[in-house]
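Asker: Sending over run.csv (CSV, C-alpha atoms).
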```csv
chain,number,residue,atom,x,y,z
Y,849,MET,CA,5.7,15.1,0.6
Y,850,ALA,CA,4.6,18.4,-0.8
Y,851,ILE,CA,1.8,16.5,-2.5
Y,852,ARG,CA,-0.8,14.7,-0.4
Y,853,PRO,CA,-2.2,11.6,-2.0
Y,854,VAL,CA,-5.3,11.6,0.3
Y,855,LEU,CA,-6.7,14.2,2.6
Y,856,TRP,CA,-9.9,15.6,4.1
Y,857,ASP,CA,-11.0,19.1,3.1
Y,858,GLY,CA,-14.0,19.9,5.3
Y,859,ASP,CA,-16.6,17.3,4.6
Y,860,VAL,CA,-15.0,16.2,1.4
Y,861,PHE,CA,-12.4,13.5,1.0
Y,862,ARG,CA,-9.9,14.3,-1.7
Y,863,VAL,CA,-8.0,11.6,-3.7
Y,864,LEU,CA,-5.1,12.5,-6.0
Y,865,ASP,CA,-5.9,10.7,-9.2
Y,866,GLN,CA,-2.7,8.7,-9.7
Y,867,ARG,CA,-3.8,7.5,-13.2
Y,868,LEU,CA,-2.9,11.0,-14.5
Y,869,LEU,CA,0.5,11.3,-12.9
Y,870,PRO,CA,3.2,12.4,-13.7
Y,871,HIS,CA,1.6,14.7,-16.3
Y,872,LYS,CA,-1.3,16.1,-14.3
Y,873,GLU,CA,-2.0,16.6,-10.6
Y,874,HIS,CA,-5.8,16.4,-10.3
Y,875,TYR,CA,-7.9,15.5,-7.2
Y,876,ILE,CA,-11.1,13.6,-7.2
Y,877,ASP,CA,-13.5,15.0,-4.6
Y,878,CYS,CA,-15.4,12.3,-2.8
Y,879,ASP,CA,-18.5,13.4,-1.0
Y,880,THR,CA,-20.2,10.0,-1.0
Y,881,SER,CA,-19.0,6.5,-0.1
Y,882,ASP,CA,-19.7,5.4,-3.6
Y,883,LYS,CA,-17.2,7.9,-5.0
Y,884,ALA,CA,-14.5,6.8,-2.6
Y,885,ILE,CA,-15.1,3.1,-3.3
Y,886,ARG,CA,-15.0,3.8,-7.1
Y,887,ALA,CA,-11.6,5.6,-6.6
Y,888,ILE,CA,-10.3,2.4,-5.0
Y,889,LYS,CA,-11.7,0.1,-7.7
Y,890,ASN,CA,-10.6,2.0,-10.7
Y,891,MET,CA,-7.0,2.6,-9.4
Y,892,ALA,CA,-7.3,6.3,-9.0
Y,893,VAL,CA,-5.9,5.6,-5.5
Y,894,ARG,CA,-3.5,2.6,-5.1
Y,895,GLY,CA,-0.9,1.3,-2.7
Y,896,ALA,CA,-2.2,-0.8,0.2
Y,897,PRO,CA,-1.9,1.9,2.9
Y,898,ALA,CA,-3.5,4.6,0.8
Y,899,VAL,CA,-6.3,2.2,-0.2
Y,900,GLY,CA,-6.9,1.5,3.4
Y,901,LEU,CA,-7.1,5.2,4.3
Y,902,THR,CA,-9.6,5.7,1.4
Y,903,GLY,CA,-11.6,2.8,2.7
Y,904,ALA,CA,-11.8,4.4,6.1
Y,905,ALA,CA,-13.0,7.6,4.5
Y,906,ALA,CA,-15.6,5.6,2.5
Y,907,VAL,CA,-16.9,4.3,5.8
Y,908,ALA,CA,-17.0,7.8,7.3
Y,909,LEU,CA,-18.8,9.2,4.3
Y,910,GLY,CA,-21.2,6.2,4.1
Y,911,ALA,CA,-22.1,6.5,7.8
Y,912,ARG,CA,-23.5,10.0,7.3
Y,913,GLU,CA,-25.6,8.7,4.5
Y,914,ILE,CA,-27.3,6.0,6.7
Y,915,ASP,CA,-31.0,6.7,7.3
Y,916,ALA,CA,-31.7,5.3,10.8
Y,917,ARG,CA,-33.6,6.5,13.8
Y,918,ASP,CA,-32.1,4.1,16.3
Y,919,VAL,CA,-28.7,2.7,17.0
Y,920,ASP,CA,-29.6,-0.9,16.2
Y,921,THR,CA,-30.8,0.0,12.7
Y,922,PHE,CA,-27.8,2.2,12.2
Y,923,MET,CA,-25.5,-0.7,13.2
Y,924,LYS,CA,-27.1,-3.1,10.8
Y,925,LYS,CA,-26.7,-0.7,7.9
Y,926,PHE,CA,-23.2,0.2,9.0
Y,927,ASP,CA,-22.1,-3.4,9.0
Y,928,ARG,CA,-23.4,-3.8,5.4
Y,929,LEU,CA,-21.5,-0.6,4.5
Y,930,CYS,CA,-18.2,-2.0,6.0
Y,931,ASP,CA,-18.6,-5.2,4.1
Y,932,ARG,CA,-19.1,-3.3,0.8
Y,933,VAL,CA,-16.0,-1.2,1.3
Y,934,LYS,CA,-13.9,-4.2,2.1
Y,935,ARG,CA,-14.9,-5.9,-1.1
Y,936,ALA,CA,-13.6,-2.9,-3.2
Y,937,ARG,CA,-10.2,-4.7,-3.7
Y,938,PRO,CA,-9.5,-8.1,-2.2
Y,939,THR,CA,-5.7,-8.6,-1.9
Y,940,GLY,CA,-4.4,-5.8,0.2
Y,941,TYR,CA,-5.0,-6.3,4.0
Y,942,ASN,CA,-4.8,-2.6,4.9
Y,943,LEU,CA,-8.3,-2.0,3.5
Y,944,GLU,CA,-9.8,-4.6,5.8
Y,945,TRP,CA,-7.7,-3.4,8.7
Y,946,ALA,CA,-8.8,0.2,8.3
Y,947,VAL,CA,-12.5,-0.7,8.0
Y,948,GLU,CA,-12.3,-2.7,11.2
Y,949,GLN,CA,-10.7,0.3,12.9
Y,950,MET,CA,-13.7,2.3,11.9
Y,951,ARG,CA,-16.1,-0.4,13.0
Y,952,LEU,CA,-14.4,-0.4,16.4
Y,953,VAL,CA,-15.2,3.3,16.8
Y,954,VAL,CA,-18.9,2.5,16.4
Y,955,VAL,CA,-18.8,-0.5,18.8
Y,956,GLU,CA,-17.1,1.6,21.5
Y,957,ASN,CA,-19.5,4.5,21.2
Y,958,LEU,CA,-23.0,3.1,20.8
Y,959,SER,CA,-24.3,5.1,23.7
Y,960,ILE,CA,-23.4,8.6,22.4
Y,961,GLY,CA,-26.0,8.8,19.6
Y,962,ILE,CA,-25.9,8.5,15.9
Y,963,ASP,CA,-24.8,12.1,15.1
Y,964,ALA,CA,-21.9,11.9,17.5
Y,965,ILE,CA,-20.8,8.5,16.1
Y,966,VAL,CA,-20.8,9.9,12.6
Y,967,GLU,CA,-18.6,12.8,13.8
Y,968,LYS,CA,-16.2,10.4,15.5
Y,969,LEU,CA,-15.9,8.3,12.4
Y,970,ARG,CA,-14.8,11.4,10.4
Y,971,GLU,CA,-12.3,12.3,13.1
Y,972,LYS,CA,-10.9,8.7,13.1
Y,973,SER,CA,-10.5,8.7,9.4
Y,974,GLU,CA,-8.4,11.8,9.5
Y,975,ALA,CA,-6.4,10.5,12.5
Y,976,LEU,CA,-5.5,7.4,10.5
Y,977,ILE,CA,-3.9,9.5,7.8
Y,978,ASN,CA,-1.7,11.3,10.3
Y,979,GLU,CA,-0.9,8.0,12.1
Y,980,ASP,CA,0.1,6.4,8.8
Y,981,ILE,CA,2.6,9.2,8.1
Y,982,GLU,CA,4.2,8.7,11.5
Y,983,VAL,CA,4.3,5.0,11.1
Y,984,ASN,CA,6.0,5.4,7.7
Y,985,ARG,CA,8.6,7.7,9.3
Y,986,ALA,CA,9.3,5.0,11.9
Y,987,ILE,CA,9.6,2.4,9.2
Y,988,GLY,CA,12.2,4.7,7.5
Y,989,ALA,CA,14.1,5.1,10.7
Y,990,TRP,CA,14.4,1.4,11.3
Y,991,GLY,CA,15.0,0.5,7.7
Y,992,LYS,CA,17.6,3.1,6.6
Y,993,ASP,CA,20.5,0.9,7.9
Y,994,VAL,CA,19.8,-1.7,5.3
Y,995,ILE,CA,20.6,0.9,2.6
Y,996,PRO,CA,24.3,1.0,1.7
Y,997,ALA,CA,26.3,4.2,2.2
Y,998,GLU,CA,27.2,3.8,-1.4
Y,999,GLY,CA,26.0,1.5,-4.1
Y,1000,ALA,CA,22.6,0.8,-5.6
Y,1001,VAL,CA,19.1,0.0,-4.4
Y,1002,LEU,CA,16.4,-1.7,-6.5
Y,1003,THR,CA,12.8,-1.1,-5.9
Y,1004,TYR,CA,9.6,-2.2,-7.6
Y,1005,CYS,CA,6.2,-0.7,-8.2
Y,1006,ASN,CA,5.5,2.4,-6.0
Y,1007,ALA,CA,5.7,2.1,-2.2
Y,1008,GLY,CA,6.3,5.8,-1.7
Y,1009,GLY,CA,4.3,8.7,-0.3
Y,1010,LEU,CA,1.8,8.3,-3.1
Y,1011,ALA,CA,1.0,4.8,-1.9
Y,1012,THR,CA,0.5,5.9,1.7
Y,1013,GLY,CA,-0.6,8.8,3.8
Y,1014,GLY,CA,2.3,10.8,2.5
Y,1015,TYR,CA,5.8,9.4,3.4
Y,1016,GLY,CA,6.2,5.9,2.1
Y,1017,THR,CA,7.2,2.4,3.1
Y,1018,ALA,CA,9.9,1.1,0.7
Y,1019,LEU,CA,10.6,4.6,-0.6
Y,1020,GLY,CA,10.3,5.8,3.0
Y,1021,VAL,CA,13.3,3.7,3.8
Y,1022,ILE,CA,15.1,5.1,0.8
Y,1023,ARG,CA,14.1,8.6,1.7
Y,1024,ALA,CA,15.3,8.3,5.3
Y,1025,ALA,CA,18.6,6.9,4.2
Y,1026,TRP,CA,19.1,9.8,1.8
Y,1027,GLU,CA,18.2,12.3,4.5
Y,1028,GLU,CA,20.9,10.7,6.7
Y,1029,GLY,CA,23.4,11.6,4.0
Y,1030,LYS,CA,24.0,8.3,2.4
Y,1031,LYS,CA,25.0,8.5,-1.3
Y,1032,PHE,CA,23.5,5.7,-3.3
Y,1033,HIS,CA,21.7,5.2,-6.6
Y,1034,VAL,CA,18.1,3.8,-7.0
Y,1035,PHE,CA,17.1,1.6,-9.9
Y,1036,ALA,CA,13.3,1.7,-10.3
Y,1037,CYS,CA,11.5,-1.1,-12.3
Y,1038,GLU,CA,8.9,0.4,-14.6
Y,1039,THR,CA,6.2,-2.1,-13.3
Y,1040,ARG,CA,3.9,-3.2,-16.1
Y,1041,PRO,CA,1.1,-2.8,-16.8
Y,1042,TYR,CA,0.2,0.3,-14.8
Y,1043,LEU,CA,3.8,1.6,-14.9
Y,1044,GLN,CA,3.8,2.7,-11.2
Y,1045,GLY,CA,7.6,2.6,-11.2
Y,1046,SER,CA,8.0,4.9,-14.2
Y,1047,ARG,CA,5.1,7.2,-13.5
Y,1048,LEU,CA,5.1,7.4,-9.7
Y,1049,THR,CA,8.3,6.2,-8.2
Y,1050,MET,CA,10.4,8.2,-10.6
Y,1051,PHE,CA,8.1,11.2,-10.0
Y,1052,GLU,CA,8.8,11.0,-6.3
Y,1053,LEU,CA,12.5,10.3,-6.6
Y,1054,LEU,CA,13.0,13.2,-9.0
Y,1055,LYS,CA,11.1,15.6,-6.6
Y,1056,GLU,CA,13.4,14.5,-3.8
Y,1057,GLY,CA,16.6,14.9,-5.8
Y,1058,ILE,CA,17.5,11.2,-5.2
Y,1059,PRO,CA,19.7,9.8,-8.1
Y,1060,ALA,CA,17.6,7.2,-9.9
Y,1061,THR,CA,17.5,5.3,-13.1
Y,1062,LEU,CA,14.4,3.7,-14.6
Y,1063,ILE,CA,14.7,0.2,-16.0
Y,1064,THR,CA,12.5,-2.3,-17.7
Y,1065,ASP,CA,11.2,-5.0,-15.4
Y,1066,ASN,CA,13.1,-7.7,-17.3
Y,1067,ALA,CA,16.5,-5.9,-16.9
Y,1068,ALA,CA,16.7,-6.5,-13.1
Y,1069,GLY,CA,18.2,-9.9,-13.3
Y,1070,PHE,CA,20.9,-8.8,-15.7
Y,1071,LEU,CA,21.8,-5.9,-13.4
Y,1072,MET,CA,22.0,-8.3,-10.5
Y,1073,GLN,CA,24.3,-10.6,-12.5
Y,1074,LYS,CA,26.5,-7.7,-13.3
Y,1075,LYS,CA,26.7,-6.9,-9.5
Y,1076,LYS,CA,25.0,-3.5,-10.0
Y,1077,ILE,CA,22.5,-4.0,-7.2
Y,1078,ASN,CA,23.3,-4.1,-3.5
Y,1079,VAL,CA,19.9,-4.5,-1.9
Y,1080,VAL,CA,16.2,-4.8,-3.0
Y,1081,VAL,CA,13.5,-3.0,-1.0
Y,1082,VAL,CA,9.8,-3.4,-1.9
Y,1083,GLY,CA,6.5,-2.7,-0.3
Y,1084,ALA,CA,3.7,-5.2,0.5
Y,1085,ASP,CA,-0.1,-5.5,0.2
Y,1086,ARG,CA,-0.6,-8.4,2.6
Y,1087,ILE,CA,1.8,-10.4,4.8
Y,1088,THR,CA,0.7,-13.6,6.4
Y,1089,ALA,CA,1.6,-15.0,9.8
Y,1090,ASN,CA,4.5,-17.0,8.5
Y,1091,GLY,CA,6.1,-14.1,6.6
Y,1092,ASP,CA,4.8,-14.8,3.1
Y,1093,VAL,CA,4.3,-11.6,1.2
Y,1094,ALA,CA,1.7,-10.5,-1.4
Y,1095,ASN,CA,2.9,-7.6,-3.5
Y,1096,LYS,CA,2.5,-6.3,-7.1
Y,1097,ILE,CA,2.9,-9.0,-9.7
Y,1098,GLY,CA,6.5,-9.5,-10.5
Y,1099,THR,CA,7.8,-9.2,-6.9
Y,1100,TYR,CA,8.2,-12.9,-6.6
Y,1101,SER,CA,10.5,-13.0,-9.7
Y,1102,LEU,CA,12.7,-10.3,-8.2
Y,1103,ALA,CA,12.9,-12.2,-4.9
Y,1104,VAL,CA,14.0,-15.4,-6.6
Y,1105,LEU,CA,16.6,-13.4,-8.6
Y,1106,ALA,CA,17.9,-11.7,-5.5
Y,1107,LYS,CA,18.3,-15.0,-3.7
Y,1108,THR,CA,20.1,-16.5,-6.6
Y,1109,HIS,CA,22.6,-13.6,-6.6
Y,1110,ASN,CA,22.9,-13.4,-2.8
Y,1111,ILE,CA,21.4,-9.9,-2.6
Y,1112,PRO,CA,19.4,-9.0,0.5
Y,1113,PHE,CA,15.6,-8.7,-0.2
Y,1114,TYR,CA,13.7,-6.5,2.2
Y,1115,VAL,CA,10.0,-5.8,2.5
Y,1116,ALA,CA,8.9,-2.5,4.1
Y,1117,ALA,CA,5.3,-2.4,5.5
Y,1118,PRO,CA,3.3,-1.2,8.5
Y,1119,ARG,CA,1.9,-3.8,10.9
Y,1120,SER,CA,-1.5,-3.0,9.5
Y,1121,THR,CA,-0.4,-5.0,6.4
Y,1122,ILE,CA,0.1,-8.1,8.5
Y,1123,ASP,CA,-2.8,-10.5,8.4
Y,1124,PRO,CA,-2.4,-12.8,11.4
Y,1125,MET,CA,-5.5,-14.8,10.4
Y,1126,LYS,CA,-3.8,-16.1,7.3
Y,1127,SER,CA,-1.1,-18.6,8.2
Y,1128,ARG,CA,0.5,-18.8,4.7
Y,1129,GLY,CA,0.6,-17.1,1.4
Y,1130,ASP,CA,-1.6,-19.5,-0.6
Y,1131,GLN,CA,-4.5,-18.4,1.5
Y,1132,ILE,CA,-4.3,-14.8,0.2
Y,1133,PRO,CA,-7.0,-13.9,-2.4
Y,1134,ILE,CA,-5.3,-12.7,-5.6
Y,1135,GLU,CA,-7.1,-10.0,-7.5
Y,1136,GLU,CA,-7.6,-10.6,-11.2
Y,1137,ARG,CA,-8.1,-7.4,-13.1
Y,1138,PRO,CA,-9.5,-6.8,-16.6
Y,1139,GLY,CA,-7.3,-8.1,-19.4
Y,1140,ARG,CA,-7.8,-4.8,-21.2
Y,1141,GLU,CA,-5.3,-3.3,-18.7
Y,1142,ILE,CA,-2.6,-5.4,-20.4
Y,1143,THR,CA,-3.8,-5.1,-24.0
Y,1144,HIS,CA,-4.2,-1.3,-23.9
Y,1145,LEU,CA,-1.8,1.4,-22.8
Y,1146,GLY,CA,-3.0,5.0,-22.3
Y,1147,GLY,CA,-6.3,4.0,-23.9
Y,1148,LYS,CA,-4.6,2.7,-27.1
Y,1149,ALA,CA,-4.5,-1.0,-28.1
Y,1150,ILE,CA,-1.0,-2.5,-28.0
Y,1151,ALA,CA,-2.1,-6.1,-28.8
Y,1152,PRO,CA,-4.2,-7.4,-31.7
Y,1153,ALA,CA,-7.9,-7.2,-31.4
Y,1154,GLY,CA,-9.3,-10.4,-29.8
Y,1155,THR,CA,-6.2,-11.1,-27.7
Y,1156,GLU,CA,-7.0,-13.0,-24.6
Y,1157,ALA,CA,-5.0,-11.6,-21.6
Y,1158,LEU,CA,-4.6,-12.7,-18.0
Y,1159,TYR,CA,-3.8,-9.9,-15.5
Y,1160,LEU,CA,-3.1,-11.2,-12.0
Y,1161,ALA,CA,-2.5,-8.0,-10.1
Y,1162,PHE,CA,-0.4,-9.6,-7.3
Y,1163,ASP,CA,1.9,-12.5,-6.6
Y,1164,VAL,CA,3.1,-14.1,-3.4
Y,1165,THR,CA,6.7,-14.3,-2.3
Y,1166,PRO,CA,7.5,-17.1,0.2
Y,1167,SER,CA,9.2,-16.0,3.4
Y,1168,ARG,CA,12.3,-18.0,2.6
Y,1169,TYR,CA,13.2,-15.4,0.0
Y,1170,VAL,CA,12.7,-12.4,2.4
Y,1171,SER,CA,15.7,-11.1,4.4
Y,1172,GLY,CA,13.6,-9.1,6.7
Y,1173,ILE,CA,10.3,-7.2,7.1
Y,1174,ILE,CA,10.8,-3.6,8.0
Y,1175,THR,CA,8.0,-2.3,10.3
Y,1176,GLU,CA,7.4,0.6,12.6
Y,1177,VAL,CA,8.6,-1.4,15.6
Y,1178,GLY,CA,11.7,-2.9,14.0
Y,1179,ILE,CA,12.9,-5.3,11.4
Y,1180,ILE,CA,11.3,-8.7,11.7
Y,1181,THR,CA,13.6,-11.6,10.8
Y,1182,ARG,CA,13.5,-15.4,11.0
Y,1183,PRO,CA,11.8,-17.3,12.6
Y,1184,TYR,CA,9.0,-15.3,11.1
Y,1185,THR,CA,6.0,-16.9,12.7
Y,1186,ARG,CA,7.3,-16.3,16.2
Y,1187,ASN,CA,8.8,-12.8,15.5
Y,1188,ILE,CA,5.7,-11.6,13.6
Y,1189,ARG,CA,3.6,-12.5,16.6
Y,1190,LEU,CA,5.9,-10.7,19.0
Y,1191,ALA,CA,6.0,-7.6,16.7
Y,1192,LEU,CA,2.2,-7.4,16.6
Y,1193,GLN,CA,2.2,-7.3,20.4
Y,1194,LYS,CA,4.7,-4.5,20.8
Y,1195,GLU,CA,3.6,-1.0,21.7
Y,1196,ALA,CA,4.1,1.6,18.9
Y,1197,GLY,CA,7.4,3.4,19.1
Y,1198,LYS,CA,9.2,0.5,20.9
```
If you convert what's in this file into structure tokens, what do you get?

Answerer:
Amino acid sequence: MAIRPVLWDGDVFRVLDQRLLPHKEHYIDCDTSDKAIRAIKNMAVRGAPAVGLTGAAAVALGAREIDARDVDTFMKKFDRLCDRVKRARPTGYNLEWAVEQMRLVVVENLSIGIDAIVEKLREKSEALINEDIEVNRAIGAWGKDVIPAEGAVLTYCNAGGLATGGYGTALGVIRAAWEEGKKFHVFACETRPYLQGSRLTMFELLKEGIPATLITDNAAGFLMQKKKINVVVVGADRITANGDVANKIGTYSLAVLAKTHNIPFYVAAPRSTIDPMKSRGDQIPIEERPGREITHLGGKAIAPAGTEALYLAFDVTPSRYVSGIITEVGIITRPYTRNIRLALQKEAGK
């Protein structure tokens, strides 16, 4: 993508404020861990991989703020920092994964001194961004075959370059298929209440010149009934060991609809989204966000004053509705428990 959602600029970590898209492209400069954590919490940055990358940057920024004269003191404060970053948003696993990648840097380099450790953390954070882009390209290469040469693809929320280091998971699959010369049409669900589909996915598809139509979330079933959809491809925020998938609220409904109409339903995600310590989806913590995010749109009330609102940010799709999980090492299919375990053991690129 011409636009980078997250990047390092010297000692400052820059986050594209996605709340302002598509009307304004503005970066938030994070020079402290608190600013990076705040960007995660307030949805300036969103998408599980991008949140993970911002979490890694928060760790790197926070490490240089630690006041410690010896490694033991540094490590104790560093552990508290890591825990604070991981709590920024609870559902997506990439955040926890990225923080643990940063913690490993410290554990493996305790003998080199605090200043050198801090520098290595900064280097690791930037390396994770570059690695994420390559992983996404591999996901696209594996997944492009599920996209029909002609026909229509339905996607939900935004699992594109804006949600990652810069290429995309579900939209990476779509992008790779388009680059191969396939001629298809994309239907993008608007995705209430943050409208990631209308604001972000359409923003990306229009920039790429990929034919796309925006639809209301509740139009998807009717389009499936009318045989207008050939395949559904979505991203994920956490995948459990048995293949259950947590993604933006509304994904489960689409999966059930796809199953009813015999339409393949694919999930595209890096292996860093897979949480092998959770055996099934009901163990995933589901983030509940402020009801105001439903009752207000663009800062203006769209519901009567005093309205009680429940905003569960994610839902869980059981693996029985998932046709396959597209990763950087291939498409995982049933039996999921066995094949997820094997996929996690593979070397990258194989």

Asker: For stretch 911-916 of chain Y, list every protein, DNA or RNA residue within 7 Å, evaluated using all atoms listed in the file, and leave out those in the same chain fewer than 6 positions away; present the list as a compact mmCIF listing (two decimals) with C-alpha atoms, in the coordinates of the input.

Answerer:
```txt
# COMPACT_ATOMS: atom_id res chain seq x y z
CA PHE Y 922 -27.80 2.20 12.20
CA LYS Y 925 -26.70 -0.70 7.90
CA PHE Y 926 -23.20 0.20 9.00
CA VAL Y 966 -20.80 9.90 12.60
```

Asker: One decimal, Å: what's the distance from atom CA of Y:Leu958 over to atom CA of Y:Gly910, could you say?

Answerer: 17.1 Å

Asker: Given all atoms listed in the file as the basis, pick out the residue of Y:Val1164, Y:Ile1122, Y:Ala1106, Y:Val1080 nearest to Y:Asp1092.

Answerer: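 Comparing Y:Val1164, Y:Ile1122, Y:Ala1106, Y:Val1080 against Y:Asp1092, the winner is Y:Val1164.
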
Asker: Name all residues at most 12 Å from Y:Ala1025 (count only C-alpha atoms; drop same-chain ones fewer than 2 positions away) and give them as a PyMOL selection string.

Answerer: chain Y and resi 985+987-998+1001+1018-1023+1027-1034+1058

Asker: If we count all atoms listed in the file and set the cut-off at 10 Å, which residues sit around Y:Gln949, ignoring sequence neighbours fewer than 3 positions away in its own chain? Please answer as a list in words.

Answerer: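 My list of contacting residues is Ala904, Leu943, Glu944, Trp945, Ala946, Leu952, Val953, Val954, Leu969, Lys972, Ser973 and Leu976 of chain Y.
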
Asker: Identify which of the residues Y:Asp879, Y:Glu873, Y:Glu1038, Y:Glu1156 lies closest to Y:Asp859, counting all atoms listed in the file when measuring atom-to-atom distances.

Answerer: Y:Asp879

Asker: If we count all atoms listed in the file, what is near Y:Arg1128 at a cut-off of 9 Å, once residues fewer than 2 positions away on the same chain are taken out, given as a list of chain:residue names?

Answerer: Y:Ile1087, Y:Thr1088, Y:Ala1089, Y:Asn1090, Y:Gly1091, Y:Asp1092, Y:Val1093, Y:Lys1126, Y:Asp1130, Y:Gln1131, Y:Ile1132, Y:Pro1166

Asker: Would you mind listing what lies within 6 Å of stretch 1171-1178 of chain Y as a PyMOL selection string, with only C-alpha atoms counted and same-chain residues fewer than 6 positions away left out?

Answerer: chain Y and resi 983+986-987+990-991+1112-1118+1198

Asker: When distances are computed from all atoms listed in the file, which of Y:Phe1035, Y:Phe1070, Y:Tyr875, Y:Tyr941 shows the smallest separation from Y:Ser1120?

Answerer: Y:Tyr941

Asker: Which residue out of Y:Leu868, Y:Val860, Y:Met923, Y:Val1081 has the minimum interatomic distance to Y:Ala905 when only C-alpha atoms are used?

Answerer: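 When distances to Y:Ala905 are compared using only C-alpha atoms, the smallest one comes from Y:Val860.
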
Asker: Tell me which of Y:Val1170, Y:Ala975, Y:Ile965, Y:Ser881 sits closest to Y:Cys930, counting all atoms listed in the file.

Answerer: Y:Ser881

Asker: Could you state the separation of atom CA of Y:Glu1141 and atom CA of Y:Lys889 in Å, given to one decimal place?

Answerer: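 So the two atoms, atom CA of Y:Glu1141 and atom CA of Y:Lys889, lie 13.2 Å apart.
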
Asker: Report, in Å with one decimal, the straight-line distance from atom CA of Y:Asp927 to atom CA of Y:Asp882.

Answerer: 15.6 Å

Asker: Which one is closest to Y:Leu864: Y:Arg886, Y:Arg937, Y:Lys1074, Y:Arg894? Count all atoms listed in the file.

Answerer: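 Checking each candidate against Y:Leu864, we get Y:Arg894 as the closest.
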